[in-house]
Amino acid sequence: MDKITEKSSLYRHLDKMSTNEILINMNNEDQKVAIAVREQIMDIEKLVDHIVPKMKEGGRLFYIGAGTSGRLGVLDASECPPTFGVPHDWIVGLIAGGDIAIRKSVEHAEDDENQAIKDLEEYNIGTLDTVVGIAASGTTPYVIGGLRECQNRKISTGCIVCNPGAPVIEYSDYPIIAQVGPEFLTGSTRMKSGTAQKLILNMISTSAMIKLGRVVDNKMVDMQLSNIKLLDRGTKMVMQQCNLHYDQAKELLLKHGSVRKAIENSN
């Protein structure tokens, strides 16, 4: 398989460039990412529209990946509870090698085709759930093995990859293939490929949460009030919605614990 993600950079002699040249050329490449993601919107839509009805019935969304891809999945999953006020098991990110691999590389963790399903089994994975494999190259054994076994068990699968024709696509019911081209630094998929994956993960989780009713108008009405900034933001939402003074809105918010409940009980 000819991997686009492993092709030589379009730029030569990076080590002889000025700082300004490095940054401009990186930015030129980064601008290609949003276009590559836009071209996949129809496939992202298909995945989201499959996930949402299953989640309404009690299903969950799982991300599986290794290295940078795994970390991005963990990041997206971990941000959903504070942003949307949902339980931590609605969206779950799993990384090859376990939580220690979030900070440090775990040798050969991604090479075990049988480990992902073992990790998923700890969550009693079932047919209402959806598992999305994240792999820039699309060749990661941890991801391929996990999706293959999920399909064997009639569990819905998707993938986010940057190589057309990648092996993982074969085991994905809803593949998303963002062709961002060769990396500025040859083979460094934490760059454009990682950025594309992050954008797509943002789109999947945010659009799913909106469709599941966790957003009103354009506001995060169920966000956790976990710091001063978020308490202030929530207070201003209540002020605007209920036509109250700041102190009145803050008191109401603290009493009810969420923007949604404060607004519902404002009368």
# chains A, B, ... in the order shown; residues from 1 in each chain; ligands from 1
>>> residues_around(residues="Asp112 in chain A", least_positions_apart="6", cutoff="12 Å", atoms="only C-alpha atoms", output="MDAnalysis selection string")
chainID A and resid 65:66 96:97 106 118:119 140:146
>>> write_last_selection(atoms="C-alpha atoms", output="PDB file, in the first residue's frame")
ATOM      1  CA  GLY A  65      -6.569   4.603  18.572  1.00  0.00           C
ATOM      2  CA  ALA A  66      -2.858   4.531  19.273  1.00  0.00           C
ATOM      3  CA  ALA A  96      -3.461   1.424  23.028  1.00  0.00           C
ATOM      4  CA  GLY A  97      -1.325   0.900  26.100  1.00  0.00           C
ATOM      5  CA  VAL A 106       4.172   2.469  25.253  1.00  0.00           C
ATOM      6  CA  LYS A 118     -10.447  -6.580  25.402  1.00  0.00           C
ATOM      7  CA  ASP A 119     -10.439  -2.887  26.318  1.00  0.00           C
ATOM      8  CA  THR A 140      -2.666   0.300  13.101  1.00  0.00           C
ATOM      9  CA  PRO A 141      -3.211  -3.335  14.238  1.00  0.00           C
ATOM     10  CA  TYR A 142      -4.858  -2.243  17.531  1.00  0.00           C
ATOM     11  CA  VAL A 143      -7.510  -0.355  15.564  1.00  0.00           C
ATOM     12  CA  ILE A 144      -7.932  -2.871  12.744  1.00  0.00           C
ATOM     13  CA  GLY A 145      -8.346  -5.788  15.144  1.00  0.00           C
ATOM     14  CA  GLY A 146     -10.814  -3.863  17.287  1.00  0.00           C
TER      15      GLY A 146
END
>>> select_by_dssp(residues="range 32-136 of chain A", states="strand (DSSP E or B)", output="ChimeraX atom specification")
/A:61-65,91-95,130-134
>>> residues_around(residues="Leu230 in chain A", least_positions_apart="3", cutoff="12 Å", atoms="only C-alpha atoms", output="short mmCIF file (atom, residue, chain, number, x, y, z; two decimals) with N, CA and C atoms, in the first residue's frame")
data_model
loop_
_atom_site.label_atom_id
_atom_site.label_comp_id
_atom_site.auth_asym_id
_atom_site.auth_seq_id
_atom_site.Cartn_x
_atom_site.Cartn_y
_atom_site.Cartn_z
N PRO A 82 -17.72 17.99 30.70
CA PRO A 82 -17.79 19.38 31.16
C PRO A 82 -18.49 20.32 30.19
N THR A 83 -18.39 20.05 28.91
CA THR A 83 -18.99 20.94 27.91
C THR A 83 -20.50 20.76 27.82
N MET A 220 -24.22 26.43 25.60
CA MET A 220 -23.92 25.18 26.31
C MET A 220 -24.68 25.19 27.65
N VAL A 221 -25.97 24.95 27.58
CA VAL A 221 -26.83 25.13 28.76
C VAL A 221 -26.63 24.04 29.83
N ASP A 222 -25.93 22.98 29.49
CA ASP A 222 -25.71 21.90 30.45
C ASP A 222 -24.26 21.80 30.91
N MET A 223 -23.44 22.80 30.56
CA MET A 223 -22.03 22.74 30.92
C MET A 223 -21.85 22.70 32.43
N GLN A 224 -20.77 22.07 32.87
CA GLN A 224 -20.46 22.00 34.29
C GLN A 224 -19.88 23.34 34.74
N LEU A 225 -20.36 23.83 35.86
CA LEU A 225 -19.90 25.12 36.40
C LEU A 225 -18.67 24.88 37.27
N SER A 226 -17.58 24.49 36.64
CA SER A 226 -16.43 23.96 37.37
C SER A 226 -15.34 24.99 37.68
N ASN A 227 -15.51 26.23 37.20
CA ASN A 227 -14.55 27.27 37.55
C ASN A 227 -15.21 28.65 37.44
N ARG A 233 -19.80 32.80 32.71
CA ARG A 233 -20.44 32.60 31.42
C ARG A 233 -21.89 32.16 31.60
N GLY A 234 -22.11 31.22 32.53
CA GLY A 234 -23.45 30.73 32.79
C GLY A 234 -24.36 31.81 33.34
N THR A 235 -23.81 32.65 34.21
CA THR A 235 -24.58 33.75 34.79
C THR A 235 -25.06 34.69 33.69
N LYS A 236 -24.18 34.99 32.76
CA LYS A 236 -24.55 35.90 31.67
C LYS A 236 -25.58 35.28 30.74
N MET A 237 -25.53 33.96 30.57
CA MET A 237 -26.57 33.28 29.78
C MET A 237 -27.93 33.44 30.45
N LYS A 250 -26.86 35.03 38.94
CA LYS A 250 -25.86 34.17 39.58
C LYS A 250 -26.47 33.39 40.73
N LEU A 253 -28.58 30.66 39.30
CA LEU A 253 -27.72 29.62 38.72
C LEU A 253 -27.13 28.73 39.80
N LEU A 254 -26.61 29.34 40.84
CA LEU A 254 -26.02 28.56 41.92
C LEU A 254 -27.07 27.70 42.63
N GLY A 257 -27.91 24.91 39.78
CA GLY A 257 -26.76 24.11 39.38
C GLY A 257 -26.48 23.98 37.91
N SER A 258 -27.36 24.50 37.05
CA SER A 258 -27.10 24.49 35.60
C SER A 258 -27.88 25.61 34.95
N VAL A 259 -27.39 26.05 33.80
CA VAL A 259 -28.07 27.11 33.06
C VAL A 259 -29.47 26.66 32.66
#
>>> closest_residue(among="A:Ala262, A:Glu79, A:Gly93, A:Thr127", to="Gln248 in chain A", atoms="only C-alpha atoms")
A:Ala262
>>> closest_atom_pairs(of="range 184-249 of chain A", to="range 32-38 of chain A", cutoff="12 Å", atoms="only C-alpha atoms", output="tab-separated table")
residue	atom	partner	partner_atom	distance
A:Phe184	CA	A:Lys32	CA	11.5
A:Met191	CA	A:Val33	CA	9.9
A:Lys192	CA	A:Val33	CA	6.3
A:Ser193	CA	A:Val33	CA	7.9
A:Gly194	CA	A:Val33	CA	9.7
A:Thr195	CA	A:Val33	CA	7.2
A:Ala196	CA	A:Val33	CA	5.8
A:Gln197	CA	A:Val37	CA	8.7
A:Lys198	CA	A:Val37	CA	10.2
A:Leu199	CA	A:Val37	CA	7.6
A:Ile200	CA	A:Val37	CA	7.0
A:Leu201	CA	A:Val37	CA	10.8
A:Asn202	CA	A:Val37	CA	11.5
A:Met203	CA	A:Val37	CA	10.0
>>> residues_around(residues="Ile263 in chain A", least_positions_apart="3", cutoff="8 Å", atoms="only C-alpha atoms", output="PyMOL selection string")
chain A and resi 238+241-242+259-260+266
>>> write_last_selection(atoms="N, CA and C atoms", output="PDB file, in the first residue's frame")
ATOM      1  N   VAL A 238     -27.962  33.238  31.766  1.00  0.00           N
ATOM      2  CA  VAL A 238     -29.218  33.355  32.516  1.00  0.00           C
ATOM      3  C   VAL A 238     -29.707  34.797  32.499  1.00  0.00           C
ATOM      4  N   GLN A 241     -31.228  35.450  29.016  1.00  0.00           N
ATOM      5  CA  GLN A 241     -32.431  34.687  28.747  1.00  0.00           C
ATOM      6  C   GLN A 241     -33.602  35.107  29.632  1.00  0.00           C
ATOM      7  N   CYS A 242     -33.289  35.475  30.883  1.00  0.00           N
ATOM      8  CA  CYS A 242     -34.354  35.733  31.862  1.00  0.00           C
ATOM      9  C   CYS A 242     -34.520  37.211  32.205  1.00  0.00           C
ATOM     10  N   VAL A 259     -27.389  26.053  33.799  1.00  0.00           N
ATOM     11  CA  VAL A 259     -28.067  27.113  33.064  1.00  0.00           C
ATOM     12  C   VAL A 259     -29.468  26.660  32.665  1.00  0.00           C
ATOM     13  N   ARG A 260     -29.562  25.447  32.181  1.00  0.00           N
ATOM     14  CA  ARG A 260     -30.868  24.931  31.746  1.00  0.00           C
ATOM     15  C   ARG A 260     -31.886  24.974  32.891  1.00  0.00           C
ATOM     16  N   SER A 266     -36.899  30.008  36.322  1.00  0.00           N
ATOM     17  CA  SER A 266     -36.754  31.449  36.522  1.00  0.00           C
ATOM     18  C   SER A 266     -38.057  32.127  36.907  1.00  0.00           C
TER      19      SER A 266
END
>>> residues_around(residues="Gly98 in chain A", least_positions_apart="3", cutoff="12 Å", atoms="only C-alpha atoms", output="list in words")
Ile64, Gly65, Ala66, Gly67, Gly70, Arg71, Val74, Gly93, Leu94, Ile95, Ala101, Ile102, Arg103, Lys104, Ser105, Val106, Glu107, Ala109, Glu110, Gln115, Ala116, Lys118, Asp119, Leu120 and Tyr142 of chain A
>>> write_last_selection(atoms="N, CA and C atoms", output="PDB file, in the first residue's frame")
ATOM      1  N   ILE A  64     -11.237   4.448  19.428  1.00  0.00           N
ATOM      2  CA  ILE A  64     -10.056   3.636  19.710  1.00  0.00           C
ATOM      3  C   ILE A  64      -8.923   4.099  18.794  1.00  0.00           C
ATOM      4  N   GLY A  65      -7.709   4.169  19.365  1.00  0.00           N
ATOM      5  CA  GLY A  65      -6.569   4.603  18.572  1.00  0.00           C
ATOM      6  C   GLY A  65      -5.280   4.390  19.334  1.00  0.00           C
ATOM      7  N   ALA A  66      -4.181   4.662  18.667  1.00  0.00           N
ATOM      8  CA  ALA A  66      -2.858   4.531  19.273  1.00  0.00           C
ATOM      9  C   ALA A  66      -2.074   5.823  19.045  1.00  0.00           C
ATOM     10  N   GLY A  67      -1.144   6.114  19.941  1.00  0.00           N
ATOM     11  CA  GLY A  67      -0.300   7.297  19.776  1.00  0.00           C
ATOM     12  C   GLY A  67      -1.111   8.572  19.699  1.00  0.00           C
ATOM     13  N   GLY A  70      -4.860   8.073  19.267  1.00  0.00           N
ATOM     14  CA  GLY A  70      -5.517   7.663  20.505  1.00  0.00           C
ATOM     15  C   GLY A  70      -5.686   8.821  21.466  1.00  0.00           C
ATOM     16  N   ARG A  71      -4.650   9.655  21.560  1.00  0.00           N
ATOM     17  CA  ARG A  71      -4.714  10.802  22.471  1.00  0.00           C
ATOM     18  C   ARG A  71      -5.805  11.777  22.041  1.00  0.00           C
ATOM     19  N   VAL A  74      -9.137  10.383  23.179  1.00  0.00           N
ATOM     20  CA  VAL A  74      -9.291  10.556  24.627  1.00  0.00           C
ATOM     21  C   VAL A  74      -9.619  12.012  24.940  1.00  0.00           C
ATOM     22  N   GLY A  93     -12.984   7.409  25.178  1.00  0.00           N
ATOM     23  CA  GLY A  93     -11.777   7.303  24.372  1.00  0.00           C
ATOM     24  C   GLY A  93     -10.840   6.256  24.934  1.00  0.00           C
ATOM     25  N   LEU A  94     -10.412   5.314  24.100  1.00  0.00           N
ATOM     26  CA  LEU A  94      -9.488   4.258  24.523  1.00  0.00           C
ATOM     27  C   LEU A  94      -8.213   4.345  23.693  1.00  0.00           C
ATOM     28  N   ILE A  95      -7.076   4.257  24.364  1.00  0.00           N
ATOM     29  CA  ILE A  95      -5.786   4.358  23.696  1.00  0.00           C
ATOM     30  C   ILE A  95      -4.971   3.097  23.939  1.00  0.00           C
ATOM     31  N   ALA A 101      -0.269   5.686  28.316  1.00  0.00           N
ATOM     32  CA  ALA A 101       0.137   6.029  26.948  1.00  0.00           C
ATOM     33  C   ALA A 101      -0.329   7.417  26.532  1.00  0.00           C
ATOM     34  N   ILE A 102      -1.195   8.042  27.334  1.00  0.00           N
ATOM     35  CA  ILE A 102      -1.612   9.407  27.033  1.00  0.00           C
ATOM     36  C   ILE A 102      -0.418  10.350  27.144  1.00  0.00           C
ATOM     37  N   ARG A 103       0.461  10.062  28.109  1.00  0.00           N
ATOM     38  CA  ARG A 103       1.621  10.936  28.346  1.00  0.00           C
ATOM     39  C   ARG A 103       2.925  10.363  27.806  1.00  0.00           C
ATOM     40  N   LYS A 104       3.045   9.040  27.815  1.00  0.00           N
ATOM     41  CA  LYS A 104       4.300   8.419  27.412  1.00  0.00           C
ATOM     42  C   LYS A 104       4.044   7.313  26.399  1.00  0.00           C
ATOM     43  N   SER A 105       4.968   7.183  25.455  1.00  0.00           N
ATOM     44  CA  SER A 105       4.849   6.134  24.450  1.00  0.00           C
ATOM     45  C   SER A 105       4.999   4.759  25.101  1.00  0.00           C
ATOM     46  N   VAL A 106       4.102   3.842  24.755  1.00  0.00           N
ATOM     47  CA  VAL A 106       4.172   2.469  25.253  1.00  0.00           C
ATOM     48  C   VAL A 106       4.571   1.576  24.079  1.00  0.00           C
ATOM     49  N   GLU A 107       5.753   1.012  24.159  1.00  0.00           N
ATOM     50  CA  GLU A 107       6.300   0.251  23.035  1.00  0.00           C
ATOM     51  C   GLU A 107       5.404  -0.918  22.627  1.00  0.00           C
ATOM     52  N   ALA A 109       2.475  -1.296  21.910  1.00  0.00           N
ATOM     53  CA  ALA A 109       1.074  -1.393  22.346  1.00  0.00           C
ATOM     54  C   ALA A 109       0.123  -1.419  21.154  1.00  0.00           C
ATOM     55  N   GLU A 110       0.471  -0.677  20.106  1.00  0.00           N
ATOM     56  CA  GLU A 110      -0.432  -0.587  18.953  1.00  0.00           C
ATOM     57  C   GLU A 110      -0.378  -1.822  18.057  1.00  0.00           C
ATOM     58  N   GLN A 115      -6.028  -6.526  21.558  1.00  0.00           N
ATOM     59  CA  GLN A 115      -6.168  -5.758  22.790  1.00  0.00           C
ATOM     60  C   GLN A 115      -7.363  -4.810  22.782  1.00  0.00           C
ATOM     61  N   ALA A 116      -7.683  -4.222  21.634  1.00  0.00           N
ATOM     62  CA  ALA A 116      -8.764  -3.235  21.598  1.00  0.00           C
ATOM     63  C   ALA A 116     -10.093  -3.842  22.027  1.00  0.00           C
ATOM     64  N   LYS A 118     -10.533  -6.337  23.958  1.00  0.00           N
ATOM     65  CA  LYS A 118     -10.447  -6.580  25.402  1.00  0.00           C
ATOM     66  C   LYS A 118     -10.733  -5.290  26.167  1.00  0.00           C
ATOM     67  N   ASP A 119     -10.186  -4.183  25.673  1.00  0.00           N
ATOM     68  CA  ASP A 119     -10.439  -2.887  26.318  1.00  0.00           C
ATOM     69  C   ASP A 119     -11.915  -2.514  26.218  1.00  0.00           C
ATOM     70  N   LEU A 120     -12.518  -2.790  25.072  1.00  0.00           N
ATOM     71  CA  LEU A 120     -13.937  -2.474  24.875  1.00  0.00           C
ATOM     72  C   LEU A 120     -14.837  -3.366  25.732  1.00  0.00           C
ATOM     73  N   TYR A 142      -3.938  -2.417  16.395  1.00  0.00           N
ATOM     74  CA  TYR A 142      -4.858  -2.243  17.531  1.00  0.00           C
ATOM     75  C   TYR A 142      -6.233  -1.813  17.032  1.00  0.00           C
TER      76      TYR A 142
END
>>> select_by_dssp(residues="range 67-181 of chain A", states="alpha helix (DSSP H)", output="PyMOL selection string")
chain A and resi 67-84+115-121+141-152
>>> closest_residue(among="A:Lys211, A:Lys255, A:Thr186, A:Asp49", to="Leu10 in chain A", atoms="only C-alpha atoms")
A:Thr186
>>> residues_around(residues="Glu183 in chain A", least_positions_apart="3", cutoff="10 Å", atoms="only C-alpha atoms", output="short mmCIF file (atom, residue, chain, number, x, y, z; two decimals) with N, CA and C atoms, in the first residue's frame")
data_model
loop_
_atom_site.label_atom_id
_atom_site.label_comp_id
_atom_site.auth_asym_id
_atom_site.auth_seq_id
_atom_site.Cartn_x
_atom_site.Cartn_y
_atom_site.Cartn_z
N ILE A 4 -0.01 7.88 1.59
CA ILE A 4 0.20 9.31 1.42
C ILE A 4 0.87 9.89 2.66
N THR A 5 0.48 9.38 3.83
CA THR A 5 1.01 9.91 5.09
C THR A 5 2.51 9.67 5.26
N GLU A 6 3.07 8.77 4.46
CA GLU A 6 4.50 8.50 4.54
C GLU A 6 5.29 9.09 3.37
N LYS A 7 4.59 9.75 2.45
CA LYS A 7 5.29 10.33 1.31
C LYS A 7 6.20 11.48 1.75
N SER A 8 7.24 11.69 0.98
CA SER A 8 8.20 12.73 1.31
C SER A 8 7.55 14.11 1.29
N SER A 9 7.96 14.96 2.21
CA SER A 9 7.46 16.33 2.27
C SER A 9 7.63 17.04 0.94
N LEU A 10 6.75 17.99 0.67
CA LEU A 10 6.86 18.81 -0.53
C LEU A 10 7.97 19.83 -0.41
N TYR A 11 8.57 19.91 0.78
CA TYR A 11 9.61 20.89 1.07
C TYR A 11 10.93 20.18 1.35
N MET A 26 4.69 25.77 7.04
CA MET A 26 3.79 24.94 7.84
C MET A 26 2.37 25.45 7.73
N GLU A 29 0.70 24.53 4.50
CA GLU A 29 0.22 23.15 4.52
C GLU A 29 -1.03 23.00 5.38
N ASP A 30 -1.06 23.69 6.51
CA ASP A 30 -2.21 23.59 7.41
C ASP A 30 -3.49 24.06 6.73
N VAL A 180 -5.08 14.74 3.45
CA VAL A 180 -4.41 16.03 3.67
C VAL A 180 -3.08 16.13 2.95
N THR A 186 8.28 15.01 6.97
CA THR A 186 7.92 13.72 6.39
C THR A 186 7.51 12.68 7.45
N GLY A 187 6.28 12.18 7.31
CA GLY A 187 5.79 11.12 8.18
C GLY A 187 5.30 11.54 9.54
N SER A 188 5.38 12.84 9.86
CA SER A 188 4.96 13.30 11.20
C SER A 188 3.46 13.56 11.22
N THR A 189 2.70 12.50 11.42
CA THR A 189 1.24 12.59 11.30
C THR A 189 0.58 13.29 12.48
N ARG A 190 1.36 13.72 13.46
CA ARG A 190 0.77 14.55 14.52
C ARG A 190 0.46 15.95 13.99
N MET A 191 0.92 16.23 12.77
CA MET A 191 0.75 17.57 12.20
C MET A 191 -0.56 17.66 11.41
N LYS A 192 -0.52 17.64 10.10
CA LYS A 192 -1.76 17.82 9.32
C LYS A 192 -2.77 16.71 9.57
N SER A 193 -2.30 15.49 9.61
CA SER A 193 -3.24 14.37 9.84
C SER A 193 -3.91 14.50 11.19
#
>>> residues_around(residues="range 171-179 of chain A", least_positions_apart="3", cutoff="6 Å", atoms="only C-alpha atoms", output="compact mmCIF listing (two decimals) with C-alpha atoms, in the first residue's frame")
# COMPACT_ATOMS: atom_id res chain seq x y z
CA ALA A 36 -9.73 18.06 3.02
CA VAL A 37 -12.15 17.85 5.96
CA ASP A 43 -19.43 10.91 5.19
CA LEU A 47 -21.78 8.62 10.75
CA LEU A 147 -13.05 -2.82 14.39
CA ARG A 148 -12.91 -6.27 12.79
CA THR A 157 -17.98 0.86 13.20
CA GLY A 158 -16.43 3.96 11.68
CA CYS A 159 -12.93 5.24 11.10
CA ILE A 160 -11.00 8.47 10.62
CA VAL A 161 -7.99 7.95 8.35
CA CYS A 162 -5.80 9.96 5.98
CA VAL A 168 -8.90 -0.22 8.42
>>> atom_distance(atom1="CA of Glu45 in chain A", atom2="CA of Leu212 in chain A")
14.6 Å
>>> atom_distance(atom1="CA of Asn152 in chain A", atom2="CA of Asp111 in chain A")
20.1 Å
>>> closest_residue(among="A:Leu61, A:Val131, A:Leu72, A:Met239", to="His88 in chain A", atoms="only C-alpha atoms")
A:Leu61
>>> closest_residue(among="A:Asn20, A:Lys219, A:Lys154, A:Leu14", to="Ile125 in chain A", atoms="only C-alpha atoms")
A:Lys154
